Amino acid sequence: MAAFNNYTNPVVPQANLALQVPGTKRKVTYVVNTAATKESLKLPYAVAIDDVVLDEFKSKPKSVSGNDGKIEVEVDVGAKVSLYLNSDAHPSYRKNPVYSVNVSEHDVHVKIKEKKGKHPDADTPSLSSSDAAKELDTYTAPLTGDIWMKVTHKYSVGEVADLLPAGTGPAVKAAIMRIYEVLTSKELTISVEATADKPAASLVVTFSDSNNPINNIVTYGLLSDGLPRVHPGGYAAVFNAALAAGAPSLTLSSAWRPCLGSIAHRAGLGLDVSNLGDISLNREELRNASAENTANVSEEEKKLYKEFEAAKGEQATATKAASAKKKTFGSAKLDAEKASKAADKARKDYEKVKDHAVKGPVAKGASDKAKKASDEASKARDDAKKAWQEAEESAKKATEKCEKANKAWSDERDKNQPELVRKFREALAASPAVIELFDPWFMDNNTSDNVAAKANLQEGNETSNERIHDDHLHITVREPKIR
């Protein structure tokens, strides 16, 4: 792990605002919108004034929401403000400042809006309006695939060694070096010599092109532009795990891409594996009858999964009903208490005037009425309590049924899971270079904690994290100085 985090940071100047010439302050606001591809995106950023990065970004970038998130800074008139974005916001990189604006006598508002397709647009903001009354200059700027590529660090051969996880052998290291030297083929063979305790091993890696960068960048090549923008630790984790599991080959179906999915892939921290040996990492057919038919999902599993889904629905309904009955009992209990107090008061009032010829009979009637109301409220309370207890028992039985159905489905799922896939996942989860691990079988959003990975139930709509990962395995590289 020490080797993996042993970065060599180039000298990046840091801002010392005390040295700036005092003057009128103006506010610069960047508004970021990535709704064209994913508005919930969290984009890493660092701010520079006059080409000097602010102290608050010295150790790591911050992140801004793609849902019109704001980056705000106050500067002197005459200052230049720039942004470092994505993996280029890492303290060791910061080579390509973007969206620079020179501040004059007005506040500045820059609207950055993502757009898909091939566009040669520059990142220089264009003035769209200047309002003297509001003292505001408004600019617009695009975020295209080409700009995404500009703000994604392209790793060099010289950076590789310090970014590999501990335990990466010379054969794997040499193979990874070749990626950053730029491969001439989409196939890479790793041959590991035999040792005293391990036999020789070989792994053939196939890199599959992704349509996303092809469709969103003017000039792009997988080998020259895509693969070198992925963190070396990601390749090491995948190659090491595959060799440890005994896989003869694998296909990397997606690496760096600019306009699709989470920030992991856009920042070069994500890798997808679609095939491991002759195994397709696909379980779409669990929900989709027309999906690829594989040995990963048996007909029995499909049946058990439907039973589990039904049992979950019954459990949810029973639990909701029990909660409602509990609430009804609570209200009935309060009503009974109020009615009891009212009856007690009416009885005491009657005792005071019971010998009075006129007031006595009236008070007696009121007391009897209050007593009847109290008795009825007490009965309603008791009935509500009984109904609640019965509902709780039904919910308990529904939960037991659901747990039983879940176990039956899980056992069948695990029975058909290829041993090679299980070993591969375990090796990836143990890698110090991996922080997230999602696949058609299990989902783990933090491989470092003590929480077990959860089964991929393929819940949600087509854009849910579980559904997205029902046909491939994904890893996210651990890199706290980017995300």
# chains A, B, ... in the order shown; residues from 1 in each chain; ligands from 1

$ residues_around --residues "Lys70 (chain A)" --least-positions-apart "6" --cutoff "12 Å" --atoms "only C-alpha atoms" --output "list in words"
Val28, Thr29, Tyr30, Val31, Val32, Asn33, Lys42, Leu43, Tyr45, Lys62, Ser63, Val64, His109, Val110, Lys111 and Ile112 of chain A

$ write_last_selection --atoms "N, CA and C atoms" --output "PDB file, in the first residue's frame"
ATOM      1  N   VAL A  28     -16.711  35.781  -8.466  1.00  0.00           N
ATOM      2  CA  VAL A  28     -16.745  34.950  -9.655  1.00  0.00           C
ATOM      3  C   VAL A  28     -17.480  33.652  -9.304  1.00  0.00           C
ATOM      4  N   THR A  29     -18.498  33.339 -10.072  1.00  0.00           N
ATOM      5  CA  THR A  29     -19.306  32.143  -9.819  1.00  0.00           C
ATOM      6  C   THR A  29     -19.347  31.268 -11.069  1.00  0.00           C
ATOM      7  N   TYR A  30     -18.958  30.005 -10.903  1.00  0.00           N
ATOM      8  CA  TYR A  30     -19.104  29.015 -11.966  1.00  0.00           C
ATOM      9  C   TYR A  30     -20.299  28.142 -11.614  1.00  0.00           C
ATOM     10  N   VAL A  31     -21.202  27.913 -12.580  1.00  0.00           N
ATOM     11  CA  VAL A  31     -22.340  27.024 -12.390  1.00  0.00           C
ATOM     12  C   VAL A  31     -22.158  25.848 -13.345  1.00  0.00           C
ATOM     13  N   VAL A  32     -22.110  24.641 -12.796  1.00  0.00           N
ATOM     14  CA  VAL A  32     -21.806  23.451 -13.590  1.00  0.00           C
ATOM     15  C   VAL A  32     -23.062  22.612 -13.816  1.00  0.00           C
ATOM     16  N   ASN A  33     -23.337  22.320 -15.080  1.00  0.00           N
ATOM     17  CA  ASN A  33     -24.515  21.518 -15.415  1.00  0.00           C
ATOM     18  C   ASN A  33     -24.113  20.362 -16.324  1.00  0.00           C
ATOM     19  N   LYS A  42     -20.517  14.220  -9.505  1.00  0.00           N
ATOM     20  CA  LYS A  42     -19.691  14.991  -8.574  1.00  0.00           C
ATOM     21  C   LYS A  42     -18.331  15.211  -9.240  1.00  0.00           C
ATOM     22  N   LEU A  43     -18.098  16.428  -9.682  1.00  0.00           N
ATOM     23  CA  LEU A  43     -16.910  16.736 -10.480  1.00  0.00           C
ATOM     24  C   LEU A  43     -15.807  17.336  -9.608  1.00  0.00           C
ATOM     25  N   TYR A  45     -12.664  19.517  -8.489  1.00  0.00           N
ATOM     26  CA  TYR A  45     -12.168  20.793  -9.000  1.00  0.00           C
ATOM     27  C   TYR A  45     -11.205  21.452  -8.014  1.00  0.00           C
ATOM     28  N   LYS A  62     -11.869  19.655  -4.274  1.00  0.00           N
ATOM     29  CA  LYS A  62     -13.225  19.538  -3.755  1.00  0.00           C
ATOM     30  C   LYS A  62     -14.073  19.001  -4.906  1.00  0.00           C
ATOM     31  N   SER A  63     -15.365  18.849  -4.681  1.00  0.00           N
ATOM     32  CA  SER A  63     -16.236  18.386  -5.762  1.00  0.00           C
ATOM     33  C   SER A  63     -17.453  19.291  -5.867  1.00  0.00           C
ATOM     34  N   VAL A  64     -17.940  19.430  -7.086  1.00  0.00           N
ATOM     35  CA  VAL A  64     -19.114  20.258  -7.348  1.00  0.00           C
ATOM     36  C   VAL A  64     -20.161  19.403  -8.047  1.00  0.00           C
ATOM     37  N   HIS A 109     -20.273  35.611 -13.851  1.00  0.00           N
ATOM     38  CA  HIS A 109     -21.087  34.403 -13.724  1.00  0.00           C
ATOM     39  C   HIS A 109     -20.807  33.552 -14.959  1.00  0.00           C
ATOM     40  N   VAL A 110     -20.241  32.335 -14.767  1.00  0.00           N
ATOM     41  CA  VAL A 110     -19.900  31.462 -15.889  1.00  0.00           C
ATOM     42  C   VAL A 110     -20.780  30.216 -15.840  1.00  0.00           C
ATOM     43  N   LYS A 111     -21.580  30.020 -16.893  1.00  0.00           N
ATOM     44  CA  LYS A 111     -22.447  28.849 -16.965  1.00  0.00           C
ATOM     45  C   LYS A 111     -21.776  27.781 -17.826  1.00  0.00           C
ATOM     46  N   ILE A 112     -21.339  26.696 -17.173  1.00  0.00           N
ATOM     47  CA  ILE A 112     -20.691  25.584 -17.878  1.00  0.00           C
ATOM     48  C   ILE A 112     -21.739  24.505 -18.124  1.00  0.00           C
TER      49      ILE A 112
END

$ select_by_dssp --residues "region 62-187 of chain A" --states "strand (DSSP E or B)" --output "ChimeraX atom specification"
/A:62-65,67-76,80-85,98-102,107-114,126-131,136-143,187

$ residues_around --residues "Asn67 (chain A)" --least-positions-apart "4" --cutoff "8 Å" --atoms "only C-alpha atoms" --output "ChimeraX atom specification"
/A:32-35,39-41

$ write_last_selection --atoms "all heavy atoms" --output "PDB file, in the first residue's frame"
ATOM      1  N   VAL A  32     -22.110  24.641 -12.796  1.00  0.00           N
ATOM      2  CA  VAL A  32     -21.806  23.451 -13.590  1.00  0.00           C
ATOM      3  C   VAL A  32     -23.062  22.612 -13.816  1.00  0.00           C
ATOM      4  O   VAL A  32     -23.753  22.251 -12.858  1.00  0.00           O
ATOM      5  CB  VAL A  32     -20.731  22.588 -12.898  1.00  0.00           C
ATOM      6  CG1 VAL A  32     -20.401  21.366 -13.750  1.00  0.00           C
ATOM      7  CG2 VAL A  32     -19.471  23.415 -12.638  1.00  0.00           C
ATOM      8  N   ASN A  33     -23.337  22.320 -15.080  1.00  0.00           N
ATOM      9  CA  ASN A  33     -24.515  21.518 -15.415  1.00  0.00           C
ATOM     10  C   ASN A  33     -24.113  20.362 -16.324  1.00  0.00           C
ATOM     11  O   ASN A  33     -23.671  20.567 -17.454  1.00  0.00           O
ATOM     12  CB  ASN A  33     -25.569  22.384 -16.107  1.00  0.00           C
ATOM     13  CG  ASN A  33     -26.870  21.629 -16.351  1.00  0.00           C
ATOM     14  OD1 ASN A  33     -26.910  20.688 -17.119  1.00  0.00           O
ATOM     15  ND2 ASN A  33     -27.933  22.049 -15.684  1.00  0.00           N
ATOM     16  N   THR A  34     -24.252  19.138 -15.818  1.00  0.00           N
ATOM     17  CA  THR A  34     -23.932  17.930 -16.600  1.00  0.00           C
ATOM     18  C   THR A  34     -25.182  17.099 -16.854  1.00  0.00           C
ATOM     19  O   THR A  34     -25.119  15.883 -17.003  1.00  0.00           O
ATOM     20  CB  THR A  34     -22.876  17.074 -15.873  1.00  0.00           C
ATOM     21  OG1 THR A  34     -23.375  16.707 -14.575  1.00  0.00           O
ATOM     22  CG2 THR A  34     -21.566  17.826 -15.704  1.00  0.00           C
ATOM     23  N   ALA A  35     -26.335  17.773 -16.882  1.00  0.00           N
ATOM     24  CA  ALA A  35     -27.608  17.066 -17.068  1.00  0.00           C
ATOM     25  C   ALA A  35     -27.667  16.339 -18.405  1.00  0.00           C
ATOM     26  O   ALA A  35     -28.445  15.391 -18.570  1.00  0.00           O
ATOM     27  CB  ALA A  35     -28.777  18.043 -16.957  1.00  0.00           C
ATOM     28  N   GLU A  39     -26.818  14.365 -14.187  1.00  0.00           N
ATOM     29  CA  GLU A  39     -26.844  15.591 -13.387  1.00  0.00           C
ATOM     30  C   GLU A  39     -26.369  15.383 -11.951  1.00  0.00           C
ATOM     31  O   GLU A  39     -25.989  16.339 -11.280  1.00  0.00           O
ATOM     32  CB  GLU A  39     -28.241  16.213 -13.390  1.00  0.00           C
ATOM     33  CG  GLU A  39     -29.317  15.405 -12.701  1.00  0.00           C
ATOM     34  CD  GLU A  39     -30.666  16.104 -12.719  1.00  0.00           C
ATOM     35  OE1 GLU A  39     -30.809  17.131 -13.407  1.00  0.00           O
ATOM     36  OE2 GLU A  39     -31.579  15.613 -12.045  1.00  0.00           O
ATOM     37  N   SER A  40     -26.365  14.129 -11.491  1.00  0.00           N
ATOM     38  CA  SER A  40     -25.915  13.860 -10.115  1.00  0.00           C
ATOM     39  C   SER A  40     -24.395  13.695 -10.025  1.00  0.00           C
ATOM     40  O   SER A  40     -23.871  13.327  -8.983  1.00  0.00           O
ATOM     41  CB  SER A  40     -26.595  12.602  -9.570  1.00  0.00           C
ATOM     42  OG  SER A  40     -26.260  11.467 -10.357  1.00  0.00           O
ATOM     43  N   LEU A  41     -23.710  13.982 -11.111  1.00  0.00           N
ATOM     44  CA  LEU A  41     -22.257  13.829 -11.148  1.00  0.00           C
ATOM     45  C   LEU A  41     -21.581  14.727 -10.104  1.00  0.00           C
ATOM     46  O   LEU A  41     -22.025  15.845  -9.840  1.00  0.00           O
ATOM     47  CB  LEU A  41     -21.754  14.222 -12.545  1.00  0.00           C
ATOM     48  CG  LEU A  41     -20.385  13.692 -12.959  1.00  0.00           C
ATOM     49  CD1 LEU A  41     -20.439  12.191 -13.160  1.00  0.00           C
ATOM     50  CD2 LEU A  41     -19.940  14.378 -14.254  1.00  0.00           C
TER      51      LEU A  41
END

$ residues_around --residues "Thr463 (chain A)" --least-positions-apart "2" --cutoff "12 Å" --atoms "only C-alpha atoms" --output "JSON, numbers by chain"
{"A": [37, 38, 260, 261, 262, 458, 459, 460, 461, 465, 466, 467, 468, 469, 470]}

$ residues_around --residues "Gly158 (chain A)" --least-positions-apart "6" --cutoff "10 Å" --atoms "only C-alpha atoms" --output "list in words"
Met177, Tyr180 and Glu181 of chain A

$ residues_around --residues "Thr219 (chain A)" --least-positions-apart "3" --cutoff "10 Å" --atoms "only C-alpha atoms" --output "PyMOL selection string"
chain A and resi 118+120+146+213-216+225

$ closest_atom_pairs --of "region 224-260 of chain A" --to "region 435-441 of chain A" --cutoff "12 Å" --atoms "only C-alpha atoms" --output "Markdown table"
| residue | atom | partner | partner_atom | distance |
| --- | --- | --- | --- | --- |
| A:Gly233 | CA | A:Ile435 | CA | 11.2 |
| A:Gly234 | CA | A:Ile435 | CA | 10.3 |
| A:Ala237 | CA | A:Ile435 | CA | 10.8 |
| A:Val238 | CA | A:Leu437 | CA | 11.2 |

$ residues_around --residues "region 192-201 of chain A" --least-positions-apart "5" --cutoff "10 Å" --atoms "only C-alpha atoms" --output "list in words"
Gly169, Pro170, Ala171, Val172, Leu243, Ala244, Gly246, Ala247 and Pro248 of chain A

$ write_last_selection --atoms "C-alpha atoms" --output "compact mmCIF listing (two decimals), in the first residue's frame"
# COMPACT_ATOMS: atom_id res chain seq x y z
CA GLY A 169 5.16 -8.69 -9.99
CA PRO A 170 7.65 -7.75 -12.71
CA ALA A 171 5.68 -9.40 -15.53
CA VAL A 172 2.51 -7.49 -14.69
CA LEU A 243 -3.71 -14.35 -12.54
CA ALA A 244 -4.39 -15.23 -8.90
CA GLY A 246 -6.24 -18.73 -12.70
CA ALA A 247 -8.09 -16.99 -15.53
CA PRO A 248 -6.59 -17.64 -18.98

$ select_by_dssp --residues "region 28-227 of chain A" --states "helix (DSSP H, G or I)" --output "PyMOL selection string"
chain A and resi 55-57+86-89+145-150+157-163+170-180+211-216+222-227

$ atom_distance --atom1 "CA of Leu136 (chain A)" --atom2 "CA of Lys80 (chain A)"
16.1 Å

$ atom_distance --atom1 "CA of Ser254 (chain A)" --atom2 "CA of Pro44 (chain A)"
21.2 Å

$ closest_residue --among "A:Phe239, A:Lys338, A:Trp256, A:Leu304" --to "Tyr220 (chain A)" --atoms "only C-alpha atoms"
A:Trp256

$ closest_residue --among "A:Gly270, A:Ala346, A:Glu403, A:Leu276" --to "Glu307 (chain A)" --atoms "only C-alpha atoms"
A:Glu403

$ atom_distance --atom1 "CA of Ser104 (chain A)" --atom2 "CA of Gly78 (chain A)"
5.5 Å
